[in-house]
Amino acid sequence: MFMNTIITIGRQFGSGGHEIGEKLAQHFGIKYYDKELLTRAAKESGFCEEMMQSHDERPTSSFLYNLVMDTYSFGYNSASFVDMPISHKVFLAQFDTIKKIADEGPCVIVGRCADYALSEYKNCLHIFIHAEEKCKIKRIMEKYSEASTEQKAKDMMIKKDKQRQSYYNYYSSKKWGRADSYDLSINSSILGVEGTVKLLLQYIEDFEKKA
């Protein structure tokens with residue numbers, strides 16, 4: 001099957017969104033970007049990768065949102081870019097890299113407001129993965145050594161999701177996790193990771209036929 005779709009995945013922490021995205025990319029034989037996006041954005045922007053990671057999907061307390069968007073609209077030559085907070089520069093570098101990646105062909109991109117960055121691209125499917133709390137806590141405890149108790153896993157889950165929500169709501173014109181912000185929102189607890197992947201494969205293949 002010839003694949004021509006760019007898939008973006010928003011996800012709650014512990015929902016399995018990362019693994020689901022990887023399996024979709026493997027199935028279609030296309031590139032996958034999660035943390036890999038940071039590596040590439042760092043290389044292309046000149047920022048060190050540690051800087052990218054320290055600001056990755058982190059909320060900003062700055063009030064300079066309009067400055068960011070104006071600078072992006074008019075290009076990096078704007079004098080205001082020099083004085084822009086580092087968190088905004090990192091966002092713009094990622095925004096730029098997401099568009100470059102999408103222009104290269106079909107792929108899976110996880111997080112980082114990719115659906116918003118690619119909102120004008122017609123060959124995109126924007127997906128959100130959520131899950132029931134008990135399932136997320138179990139997954140987090142299995143995956144992260146620092147989440148050694150249910151309470152620690154829950155605290156990590158709440159913190160990460162708050163960061164992602166604040167970041168998304170700040171930089172995009174939509175609301176993180178709300179169904180009408182995406183083409184499809186799925187509870188991965190119902191079918192599990194494998195079942196969710198199977199469902200998405202059918203959805204993507206049907207989308208391709210109509211494109």
# chains A, B, ... in the order shown; residues from 1 in each chain; ligands from 1

$ closest_atom_pairs --of "region 9-29 of chain A" --to "region 172-176 of chain A" --cutoff "12 Å" --atoms "only C-alpha atoms" --output "tab-separated table"
residue	atom	partner	partner_atom	distance
A:Ile9	CA	A:Trp176	CA	11.5
A:Gly10	CA	A:Trp176	CA	8.1
A:Arg11	CA	A:Trp176	CA	9.1
A:Gln12	CA	A:Trp176	CA	9.6

$ residues_around --residues "Arg112 (chain A)" --least-positions-apart "4" --cutoff "8 Å" --atoms "only C-alpha atoms" --output "PyMOL selection string"
chain A and resi 56-57+94+168

$ residues_around --residues "Ala93 (chain A)" --least-positions-apart "6" --cutoff "10 Å" --atoms "only C-alpha atoms" --output "list in words"
Leu38, Arg40, Ala41, Ala42, Lys43, Glu44, Ser45, Gly46, Phe47, Met52, Tyr72 and Ser87 of chain A

$ write_last_selection --atoms "C-alpha atoms" --output "short mmCIF file (atom, residue, chain, number, x, y, z; two decimals), in the first residue's frame"
data_model
loop_
_atom_site.label_atom_id
_atom_site.label_comp_id
_atom_site.auth_asym_id
_atom_site.auth_seq_id
_atom_site.Cartn_x
_atom_site.Cartn_y
_atom_site.Cartn_z
CA LEU A 38 14.23 17.43 19.20
CA ARG A 40 16.70 17.24 14.36
CA ALA A 41 15.38 20.63 15.49
CA ALA A 42 18.54 21.16 17.53
CA LYS A 43 20.74 20.28 14.57
CA GLU A 44 18.88 22.58 12.18
CA SER A 45 18.47 25.54 14.55
CA GLY A 46 21.87 25.54 16.19
CA PHE A 47 20.44 25.03 19.69
CA MET A 52 15.61 21.57 23.42
CA TYR A 72 7.12 33.56 12.97
CA SER A 87 11.25 29.00 25.31
#

$ residues_around --residues "Cys107 (chain A)" --least-positions-apart "4" --cutoff "6 Å" --atoms "only C-alpha atoms" --output "PDB file with N, CA and C atoms, in the first residue's frame"
ATOM      1  N   ILE A   6       0.306  12.001   6.712  1.00  0.00           N
ATOM      2  CA  ILE A   6       1.084  12.420   7.874  1.00  0.00           C
ATOM      3  C   ILE A   6       0.176  12.255   9.086  1.00  0.00           C
ATOM      4  N   ILE A  30       7.175   4.069   7.540  1.00  0.00           N
ATOM      5  CA  ILE A  30       7.434   5.510   7.447  1.00  0.00           C
ATOM      6  C   ILE A  30       8.205   5.974   8.686  1.00  0.00           C
ATOM      7  N   LYS A  31       8.727   7.189   8.617  1.00  0.00           N
ATOM      8  CA  LYS A  31       9.544   7.706   9.715  1.00  0.00           C
ATOM      9  C   LYS A  31       8.691   8.073  10.926  1.00  0.00           C
ATOM     10  N   TYR A  32       9.324   7.982  12.085  1.00  0.00           N
ATOM     11  CA  TYR A  32       8.654   8.242  13.361  1.00  0.00           C
ATOM     12  C   TYR A  32       9.426   9.318  14.120  1.00  0.00           C
TER      13      TYR A  32
END

$ select_by_dssp --residues "region 11-147 of chain A" --states "strand (DSSP E)" --output "NGL selection string"
:A and (11 or 31-33 or 107-110 or 124-130)

$ residues_around --residues "region 20-28 of chain A" --least-positions-apart "3" --cutoff "8 Å" --atoms "only C-alpha atoms" --output "ChimeraX atom specification"
/A:3,9,16-17,31-32,107-110,193-194,196-197,201

$ atom_distance --atom1 "CA of Thr5 (chain A)" --atom2 "CA of Asn169 (chain A)"
25.1 Å

$ closest_residue --among "A:Asp115, A:Lys210, A:Leu125, A:Ile137" --to "Thr149 (chain A)" --atoms "only C-alpha atoms"
A:Ile137

$ select_by_dssp --residues "region 21-51 of chain A" --states "helix (DSSP H, G or I)" --output "VMD selection string"
chain A and resid 21 to 28 35 to 45 49 to 51

$ write_last_selection --atoms "N, CA and C atoms" --output "PDB file, in the first residue's frame"
ATOM      1  N   GLY A  21       2.155   5.140  18.227  1.00  0.00           N
ATOM      2  CA  GLY A  21       2.756   5.856  17.108  1.00  0.00           C
ATOM      3  C   GLY A  21       3.879   5.071  16.451  1.00  0.00           C
ATOM      4  N   GLU A  22       4.712   4.442  17.285  1.00  0.00           N
ATOM      5  CA  GLU A  22       5.818   3.627  16.764  1.00  0.00           C
ATOM      6  C   GLU A  22       5.299   2.460  15.924  1.00  0.00           C
ATOM      7  N   LYS A  23       4.274   1.793  16.418  1.00  0.00           N
ATOM      8  CA  LYS A  23       3.730   0.632  15.715  1.00  0.00           C
ATOM      9  C   LYS A  23       3.077   1.032  14.384  1.00  0.00           C
ATOM     10  N   LEU A  24       2.431   2.194  14.360  1.00  0.00           N
ATOM     11  CA  LEU A  24       1.850   2.686  13.110  1.00  0.00           C
ATOM     12  C   LEU A  24       2.943   2.965  12.086  1.00  0.00           C
ATOM     13  N   ALA A  25       4.009   3.616  12.532  1.00  0.00           N
ATOM     14  CA  ALA A  25       5.126   3.936  11.631  1.00  0.00           C
ATOM     15  C   ALA A  25       5.779   2.665  11.096  1.00  0.00           C
ATOM     16  N   GLN A  26       5.946   1.678  11.975  1.00  0.00           N
ATOM     17  CA  GLN A  26       6.545   0.407  11.562  1.00  0.00           C
ATOM     18  C   GLN A  26       5.671  -0.290  10.527  1.00  0.00           C
ATOM     19  N   HIS A  27       4.368  -0.289  10.762  1.00  0.00           N
ATOM     20  CA  HIS A  27       3.447  -0.957   9.844  1.00  0.00           C
ATOM     21  C   HIS A  27       3.520  -0.356   8.444  1.00  0.00           C
ATOM     22  N   PHE A  28       3.537   0.960   8.367  1.00  0.00           N
ATOM     23  CA  PHE A  28       3.527   1.626   7.061  1.00  0.00           C
ATOM     24  C   PHE A  28       4.927   1.858   6.497  1.00  0.00           C
ATOM     25  N   LYS A  35      11.022  12.064  20.428  1.00  0.00           N
ATOM     26  CA  LYS A  35      12.251  12.745  20.865  1.00  0.00           C
ATOM     27  C   LYS A  35      13.182  13.002  19.667  1.00  0.00           C
ATOM     28  N   GLU A  36      13.003  12.182  18.619  1.00  0.00           N
ATOM     29  CA  GLU A  36      13.826  12.355  17.412  1.00  0.00           C
ATOM     30  C   GLU A  36      13.639  13.749  16.810  1.00  0.00           C
ATOM     31  N   LEU A  37      12.477  14.316  17.021  1.00  0.00           N
ATOM     32  CA  LEU A  37      12.189  15.661  16.518  1.00  0.00           C
ATOM     33  C   LEU A  37      13.103  16.685  17.176  1.00  0.00           C
ATOM     34  N   LEU A  38      13.375  16.500  18.470  1.00  0.00           N
ATOM     35  CA  LEU A  38      14.231  17.430  19.203  1.00  0.00           C
ATOM     36  C   LEU A  38      15.659  17.393  18.666  1.00  0.00           C
ATOM     37  N   THR A  39      16.134  16.173  18.370  1.00  0.00           N
ATOM     38  CA  THR A  39      17.478  16.021  17.835  1.00  0.00           C
ATOM     39  C   THR A  39      17.621  16.755  16.514  1.00  0.00           C
ATOM     40  N   ARG A  40      16.638  16.577  15.659  1.00  0.00           N
ATOM     41  CA  ARG A  40      16.701  17.240  14.357  1.00  0.00           C
ATOM     42  C   ARG A  40      16.529  18.755  14.478  1.00  0.00           C
ATOM     43  N   ALA A  41      15.604  19.200  15.308  1.00  0.00           N
ATOM     44  CA  ALA A  41      15.377  20.634  15.490  1.00  0.00           C
ATOM     45  C   ALA A  41      16.631  21.304  16.055  1.00  0.00           C
ATOM     46  N   ALA A  42      17.307  20.614  16.953  1.00  0.00           N
ATOM     47  CA  ALA A  42      18.541  21.156  17.530  1.00  0.00           C
ATOM     48  C   ALA A  42      19.608  21.302  16.452  1.00  0.00           C
ATOM     49  N   LYS A  43      19.733  20.277  15.634  1.00  0.00           N
ATOM     50  CA  LYS A  43      20.742  20.282  14.572  1.00  0.00           C
ATOM     51  C   LYS A  43      20.489  21.409  13.569  1.00  0.00           C
ATOM     52  N   GLU A  44      19.215  21.604  13.219  1.00  0.00           N
ATOM     53  CA  GLU A  44      18.884  22.585  12.176  1.00  0.00           C
ATOM     54  C   GLU A  44      18.837  24.021  12.699  1.00  0.00           C
ATOM     55  N   SER A  45      18.599  24.182  13.997  1.00  0.00           N
ATOM     56  CA  SER A  45      18.470  25.536  14.550  1.00  0.00           C
ATOM     57  C   SER A  45      19.751  26.054  15.182  1.00  0.00           C
ATOM     58  N   GLU A  49      21.008  20.163  22.046  1.00  0.00           N
ATOM     59  CA  GLU A  49      19.879  19.261  22.266  1.00  0.00           C
ATOM     60  C   GLU A  49      19.381  19.319  23.714  1.00  0.00           C
ATOM     61  N   GLU A  50      20.309  19.562  24.653  1.00  0.00           N
ATOM     62  CA  GLU A  50      19.920  19.666  26.063  1.00  0.00           C
ATOM     63  C   GLU A  50      18.953  20.834  26.262  1.00  0.00           C
ATOM     64  N   MET A  51      19.201  21.922  25.524  1.00  0.00           N
ATOM     65  CA  MET A  51      18.321  23.087  25.610  1.00  0.00           C
ATOM     66  C   MET A  51      16.931  22.732  25.097  1.00  0.00           C
TER      67      MET A  51
END

$ residues_around --residues "Asn123 (chain A)" --least-positions-apart "6" --cutoff "9 Å" --atoms "only C-alpha atoms" --output "ChimeraX atom specification"
/A:4-7,106,208,211

$ closest_residue --among "A:Glu19, A:Asp183, A:Glu133, A:Asp206" --to "Asp155 (chain A)" --atoms "only C-alpha atoms"
A:Glu133
